[in-house]
Amino acid sequence: MLDIQTATAIPHVTRRADYMPPDWQVPEIALDFALDASATQVRATMRVVRNGVHDRPLVLDGGGQTPLSVKVDGVAVNDWRLEGGALVIPLTGSDHVIETEVEIAPDRNTQLMGLYASGGNLCTQCEAEGFRRITFFPDRPDVLSTYRVRMAADKQRYPVLLANGDPVAAGDEADGRHWAEWHDPFPKPSYLFALVAGDLVANTATFTTRSGRDVALGIWVRAADLAKTEHALAALQTAMKWDEDVYGREYDLDVFNIVAVDDFNFGAMENKGLNIFNSRYILADADTATDYDFDAIAAVVAHEYFHNWSGNRVTCRDWFQLSLKEGFTVFRDQGFSADQGSAAVKRIEDVRGLRAAQFPEDSGPLAHPIRPDEYQEISNFYTATIYNKGAEVIRMIATILGAERFRAGSDLYFDRFDGTAATCEDFVAAMEAGSGADLSQFRLWYSQAGTPRVTAALSYDADNARSTLTLTQRVPPTPGQPDKRPMVLPLRLKLFGADTAGTLVPEHLVLLDGASERIVFEGVTERPVLSINRGFSAPVVLETDRTAADLAFLSAHDDDPFARYEAMQQLMLDTLVDGATNGQADHKAVIAAVANTLGDAALDPAFIAEAVLLPSDSFIGDQMTLVDPEAIFRAREALRRDLGKALDARWRAVYEGARADRFVYSPAAKGLRRLKTVALGYIAASGAADAAALAFKQFEAADNMTDRQGALATLVAGDSPERIAALDIFYNRYSDNALVLDKWFQTQALSARDDTLAQVEALSRHRDFTLANPNRARALIGAFSVNQRAFNAASGAGYRFVADQLIALDKLNPQTAAKLIPPLGRWRRFGEARAALMRGELERIVATPGLSKDMFEQASKSLAG
């Protein structure tokens, strides 16, 4: 990791084609920490073994530490040198013991990579290249070592000392300090190293594995937060059992610990046996966490636990293989979450997230394959493409192979590569060997960027009872990849009768692997209606010749929940794009379809809530040649208003019917709360005189954060006196809770009000706003930048505000700053005036003296791509 002042005009580019095995392996390392917030000393004793026949020196990556001494085989040496932060030691033999001592300053580490201070505690984050900021080491994922760790610290200040693996010994020292030793017997790369020292308490439990081993579980937090860990602990136990049942994977250590910290660049980190979490994904109770938060906590806890096999026991050979562990593990955690509640709603949520984050990435200047060819800064490739599209690629393999053959392939993958650093090719080859399938052409998903566009045209010959489906595909050009080959697209489809709603052609899987294909269906006795890409079986943009009547039919009759939802969304999208393009649109078909869905008593309330929600402003924009934020906003508000007015009685009946006497966290209760908030939003959108009072009543009476924040969001979008009152009450109630206060900032940043930009600028000067905390920066700056209307103000003031904030944030935390660049990089999607203003801000960012490597790569690619 480069220091923040070292960006250059000609950055170094790392290329996958240049991969070479490490010159030296490190089978064993022992670390001895004398911990102190301002001056921690680290002694590293490692056995190094020359890898192959060569005479190259030992090169140990470093970054920001002060070297104190270097020994080779117990003898101090002076013929070492520093080159670009790395420690270079000439060695003549093939097997040595190297000992280094360094000093680091955790309390000055604002990048939050390596060892840093957070809330009075010390903790680490080493993925991707943070370990080199702790001690000198060949910091790459294909160097696997067993670790022994000794920590000594002031006992009063840091009474708890945790590291990877299992505890070995502990004791007190005479000067008020104490020590602890940990050992991890499983070889791991340095990015999985972890250490935590602090004043923490644990919520503990025991999990008994299927082979009868007892595992001690602990979730470590500040004492005041202990009561908020029950949900996370229960999710961990459920995930451990699920992984045994579904994948046959058993936990391997005697201890599994999780620590929650407030300052964290990511959601969580899967360090072997010691997961470190952003506290946002651990702490929850009804008063402070929404249903979304509860669900996200369970998903992230499961995700990091599942990494024990898909990421730790089998790790990545190099960072180009990142989706090997992340895409596979996202797929696994999605399956887990689907099994805990409504699988249909979970699939809808996952696809909505994919379309909101990954599809724009795939069509913009930062597009890249799930296995990239090159990078300047690896932290910039922790993207929706690697994670979410990577999961969709695994899902397609599972769809093609079927559950039984996919499980055989995954078993073979884990068995074949256990304890090694593998590649994406290794995974696909294991799937082929375990299933007998040929995935040769499917491998294109790993090397080609871009979202395939599929056109489906269905014709009907009534005289011959024959229907013909013509499918075509194209993959648009992306930076560096102008010409694309056809992909393998698994498309689930079914034909319904337009008159009877009966099944004409049962669901089956079509593998579209060429530019086009014609499929003929015989014995079709009535006009068919096409249901295609059921369950979103392939991550594509679909264009069909289905009419508004066909879409309304499917929204009422399709037996695949996702396809039913998708038909409603497409009907809404077509109407909204028409309204944004032409200034007005006929809303009758959408109103009728929504009314039908609301009146279907057989539907899950959670599904109804998702189905009747309008597509977001940004997703509507994605369907247009040029995005017109104001026209999209007006079209969407007009449809919301008409839906609210036309169905007022139904919304009020739904709202009253979803009331509950008390908070319960269950799939059924979550669905009712979700539907109640959606209904409240439509009542407010209608302009009803009592809407603000209704929302404020819900806000005051709520016994849970889901209802309270839902009411607050409704009020914040309006101009009523209740708006100010609710904001003040919310702030005063939760001003000492950082995670809930993030919601206060975020809700205002996402508001559809005319003055949102001015409000956000004022909030950036609020005493509780800080760029130093990634959660707070994302809550205000990140949320505002995806508020399509406010961010894209015609004056360019929104662009200027965000650019100013990112330049300031880059000096503190380049990783977090760089991840907030993409909205500025979408300038090609807007009209000439806005595009020029966005380009101007990107040019200003690139020209900033001392810009980090992270920011330079993202901003310069956004300009040039």
# chains A, B, ... in the order shown; residues from 1 in each chain; ligands from 1

call {"tool": "select_by_dssp", "arguments": {"residues": "range 483-613 of chain A", "states": "helix (DSSP H, G or I)", "output": "NGL selection string"}}
result
:A and (534-536 or 548-557 or 561-582 or 588-598 or 605-611)

call {"tool": "write_last_selection", "arguments": {"atoms": "N, CA and C atoms", "output": "compact mmCIF listing (two decimals), in the first residue's frame"}}
result
# COMPACT_ATOMS: atom_id res chain seq x y z
N ARG A 534 -36.39 -16.55 -16.29
CA ARG A 534 -37.09 -16.79 -15.03
C ARG A 534 -36.06 -17.00 -13.91
N GLY A 535 -36.33 -16.38 -12.77
CA GLY A 535 -35.38 -16.43 -11.68
C GLY A 535 -34.12 -15.65 -11.95
N PHE A 536 -34.14 -14.85 -13.03
CA PHE A 536 -32.94 -14.12 -13.48
C PHE A 536 -31.79 -15.10 -13.63
N ALA A 548 -47.72 -4.17 -23.42
CA ALA A 548 -48.12 -3.79 -22.07
C ALA A 548 -49.14 -4.79 -21.53
N ALA A 549 -50.02 -5.26 -22.40
CA ALA A 549 -51.01 -6.25 -21.97
C ALA A 549 -50.34 -7.57 -21.57
N ASP A 550 -49.32 -7.97 -22.32
CA ASP A 550 -48.58 -9.19 -21.97
C ASP A 550 -47.92 -9.05 -20.60
N LEU A 551 -47.30 -7.89 -20.37
CA LEU A 551 -46.62 -7.68 -19.10
C LEU A 551 -47.62 -7.65 -17.94
N ALA A 552 -48.76 -7.02 -18.16
CA ALA A 552 -49.78 -7.00 -17.12
C ALA A 552 -50.28 -8.42 -16.85
N PHE A 553 -50.44 -9.21 -17.92
CA PHE A 553 -50.85 -10.61 -17.78
C PHE A 553 -49.85 -11.39 -16.92
N LEU A 554 -48.57 -11.25 -17.25
CA LEU A 554 -47.55 -11.99 -16.50
C LEU A 554 -47.48 -11.51 -15.05
N SER A 555 -47.68 -10.20 -14.82
CA SER A 555 -47.63 -9.69 -13.45
C SER A 555 -48.76 -10.27 -12.61
N ALA A 556 -49.77 -10.79 -13.28
CA ALA A 556 -50.90 -11.38 -12.55
C ALA A 556 -50.86 -12.91 -12.52
N HIS A 557 -50.24 -13.54 -13.52
CA HIS A 557 -50.39 -15.00 -13.67
C HIS A 557 -49.10 -15.80 -13.67
N PRO A 561 -42.03 -16.31 -9.18
CA PRO A 561 -42.17 -15.03 -8.49
C PRO A 561 -41.28 -13.93 -9.07
N PHE A 562 -40.04 -14.28 -9.42
CA PHE A 562 -39.18 -13.24 -9.97
C PHE A 562 -39.71 -12.76 -11.31
N ALA A 563 -40.15 -13.68 -12.16
CA ALA A 563 -40.67 -13.29 -13.47
C ALA A 563 -41.92 -12.43 -13.33
N ARG A 564 -42.73 -12.73 -12.33
CA ARG A 564 -43.93 -11.92 -12.07
C ARG A 564 -43.53 -10.51 -11.64
N TYR A 565 -42.59 -10.42 -10.75
CA TYR A 565 -42.06 -9.12 -10.33
C TYR A 565 -41.46 -8.37 -11.52
N GLU A 566 -40.70 -9.09 -12.33
CA GLU A 566 -40.01 -8.49 -13.45
C GLU A 566 -41.00 -7.93 -14.47
N ALA A 567 -42.09 -8.62 -14.68
CA ALA A 567 -43.10 -8.14 -15.62
C ALA A 567 -43.69 -6.82 -15.12
N MET A 568 -43.98 -6.75 -13.84
CA MET A 568 -44.49 -5.50 -13.27
C MET A 568 -43.47 -4.38 -13.41
N GLN A 569 -42.22 -4.67 -13.11
CA GLN A 569 -41.18 -3.65 -13.20
C GLN A 569 -41.00 -3.17 -14.64
N GLN A 570 -41.08 -4.09 -15.60
CA GLN A 570 -40.93 -3.68 -17.00
C GLN A 570 -42.10 -2.82 -17.44
N LEU A 571 -43.30 -3.17 -17.00
CA LEU A 571 -44.47 -2.36 -17.31
C LEU A 571 -44.29 -0.95 -16.75
N MET A 572 -43.82 -0.86 -15.53
CA MET A 572 -43.57 0.44 -14.92
C MET A 572 -42.47 1.20 -15.66
N LEU A 573 -41.39 0.49 -15.98
CA LEU A 573 -40.27 1.12 -16.67
C LEU A 573 -40.70 1.71 -18.02
N ASP A 574 -41.41 0.93 -18.79
CA ASP A 574 -41.86 1.41 -20.08
C ASP A 574 -42.69 2.68 -19.93
N THR A 575 -43.55 2.68 -18.94
CA THR A 575 -44.41 3.84 -18.69
C THR A 575 -43.59 5.04 -18.25
N LEU A 576 -42.62 4.83 -17.38
CA LEU A 576 -41.81 5.92 -16.86
C LEU A 576 -40.89 6.50 -17.93
N VAL A 577 -40.30 5.65 -18.74
CA VAL A 577 -39.45 6.15 -19.82
C VAL A 577 -40.28 6.95 -20.81
N ASP A 578 -41.49 6.48 -21.09
CA ASP A 578 -42.40 7.22 -21.97
C ASP A 578 -42.71 8.59 -21.38
N GLY A 579 -42.97 8.61 -20.07
CA GLY A 579 -43.28 9.87 -19.42
C GLY A 579 -42.10 10.82 -19.41
N ALA A 580 -40.90 10.29 -19.15
CA ALA A 580 -39.71 11.14 -19.12
C ALA A 580 -39.35 11.66 -20.50
N THR A 581 -39.61 10.85 -21.51
CA THR A 581 -39.27 11.24 -22.89
C THR A 581 -40.28 12.20 -23.49
N ASN A 582 -41.55 11.95 -23.23
CA ASN A 582 -42.61 12.70 -23.91
C ASN A 582 -43.33 13.70 -23.00
N LYS A 588 -52.79 4.08 -16.76
CA LYS A 588 -53.89 3.17 -16.43
C LYS A 588 -53.42 1.72 -16.27
N ALA A 589 -52.55 1.25 -17.17
CA ALA A 589 -52.13 -0.15 -17.11
C ALA A 589 -51.36 -0.45 -15.83
N VAL A 590 -50.49 0.48 -15.42
CA VAL A 590 -49.73 0.28 -14.18
C VAL A 590 -50.66 0.29 -12.98
N ILE A 591 -51.60 1.23 -12.95
CA ILE A 591 -52.53 1.31 -11.83
C ILE A 591 -53.34 0.02 -11.71
N ALA A 592 -53.81 -0.50 -12.83
CA ALA A 592 -54.59 -1.73 -12.81
C ALA A 592 -53.75 -2.91 -12.34
N ALA A 593 -52.48 -2.99 -12.80
CA ALA A 593 -51.61 -4.10 -12.40
C ALA A 593 -51.28 -4.03 -10.91
N VAL A 594 -51.03 -2.84 -10.41
CA VAL A 594 -50.74 -2.69 -8.98
C VAL A 594 -51.97 -3.04 -8.16
N ALA A 595 -53.12 -2.60 -8.60
CA ALA A 595 -54.36 -2.93 -7.89
C ALA A 595 -54.57 -4.44 -7.84
N ASN A 596 -54.30 -5.10 -8.94
CA ASN A 596 -54.45 -6.55 -8.98
C ASN A 596 -53.50 -7.25 -8.01
N THR A 597 -52.27 -6.75 -7.95
CA THR A 597 -51.28 -7.34 -7.04
C THR A 597 -51.67 -7.10 -5.59
N LEU A 598 -52.12 -5.89 -5.27
CA LEU A 598 -52.55 -5.60 -3.90
C LEU A 598 -53.73 -6.46 -3.49
N PRO A 605 -46.83 -10.69 1.62
CA PRO A 605 -46.73 -9.22 1.73
C PRO A 605 -45.36 -8.69 1.35
N ALA A 606 -44.31 -9.43 1.66
CA ALA A 606 -42.96 -8.97 1.29
C ALA A 606 -42.82 -8.91 -0.22
N PHE A 607 -43.38 -9.88 -0.92
CA PHE A 607 -43.33 -9.86 -2.37
C PHE A 607 -44.16 -8.70 -2.92
N ILE A 608 -45.36 -8.50 -2.37
CA ILE A 608 -46.20 -7.39 -2.83
C ILE A 608 -45.45 -6.07 -2.69
N ALA A 609 -44.79 -5.88 -1.56
CA ALA A 609 -44.05 -4.63 -1.33
C ALA A 609 -43.00 -4.40 -2.39
N GLU A 610 -42.31 -5.46 -2.78
CA GLU A 610 -41.28 -5.31 -3.81
C GLU A 610 -41.91 -5.07 -5.18
N ALA A 611 -42.98 -5.77 -5.47
CA ALA A 611 -43.58 -5.71 -6.81
C ALA A 611 -44.20 -4.35 -7.10

call {"tool": "select_by_dssp", "arguments": {"residues": "range 142-221 of chain A", "states": "strand (DSSP E or B)", "output": "PyMOL selection string"}}
result
chain A and resi 145-154+160-163+166-172+177-188+195-198+201-208+214-221

call {"tool": "closest_residue", "arguments": {"among": "A:Thr290, A:Ser69, A:Thr547, A:Asn275", "to": "Ala702 in chain A", "atoms": "only C-alpha atoms"}}
result
A:Thr290

call {"tool": "residues_around", "arguments": {"residues": "Ile519 in chain A", "least_positions_apart": "2", "cutoff": "10 Å", "atoms": "only C-alpha atoms", "output": "list in words"}}
result
Leu458, Ser467, Thr468, Leu469, Thr470, Leu471, Val510, Glu517, Phe521 and Glu522 of chain A

call {"tool": "residues_around", "arguments": {"residues": "range 13-17 of chain A", "least_positions_apart": "2", "cutoff": "8 Å", "atoms": "only C-alpha atoms", "output": "PyMOL selection string"}}
result
chain A and resi 11+19+320+372-376

call {"tool": "write_last_selection", "arguments": {"atoms": "C-alpha atoms", "output": "short mmCIF file (atom, residue, chain, number, x, y, z; two decimals), in the first residue's frame"}}
result
data_model
loop_
_atom_site.label_atom_id
_atom_site.label_comp_id
_atom_site.auth_asym_id
_atom_site.auth_seq_id
_atom_site.Cartn_x
_atom_site.Cartn_y
_atom_site.Cartn_z
CA PRO A 11 1.62 4.80 -12.24
CA TYR A 19 2.57 -13.38 -12.90
CA PHE A 320 -6.54 -11.11 -10.28
CA PRO A 372 -9.19 -8.43 -14.56
CA ASP A 373 -6.13 -8.30 -16.78
CA GLU A 374 -4.38 -5.41 -15.01
CA TYR A 375 -4.65 -2.88 -12.21
CA GLN A 376 -2.81 0.08 -10.74
#

call {"tool": "residues_around", "arguments": {"residues": "Val541 in chain A", "least_positions_apart": "4", "cutoff": "8 Å", "atoms": "only C-alpha atoms", "output": "list in words"}}
result
Thr451, Pro452, Arg453 and Val454 of chain A

call {"tool": "atom_distance", "arguments": {"atom1": "CA of Ala711 in chain A", "atom2": "CA of Ala695 in chain A"}}
result
5.0 Å

call {"tool": "closest_residue", "arguments": {"among": "A:Phe277, A:Leu444, A:Thr544, A:Leu366", "to": "Ser860 in chain A", "atoms": "only C-alpha atoms"}}
result
A:Leu366

call {"tool": "residues_around", "arguments": {"residues": "range 481-488 of chain A", "least_positions_apart": "6", "cutoff": "8 Å", "atoms": "only C-alpha atoms", "output": "MDAnalysis selection string"}}
result
chainID A and resid 441:442 444:445 448:449 452 473:475 511:515

call {"tool": "closest_residue", "arguments": {"among": "A:Ala344, A:Ala391, A:Val259, A:Leu771", "to": "Lys811 in chain A", "atoms": "only C-alpha atoms"}}
result
A:Leu771

call {"tool": "residues_around", "arguments": {"residues": "Asp499 in chain A", "least_positions_apart": "4", "cutoff": "9 Å", "atoms": "only C-alpha atoms", "output": "PyMOL selection string"}}
result
chain A and resi 526-528

call {"tool": "closest_residue", "arguments": {"among": "A:Gln746, A:Asn51, A:Thr478, A:Ser435", "to": "Ser785 in chain A", "atoms": "only C-alpha atoms"}}
result
A:Gln746
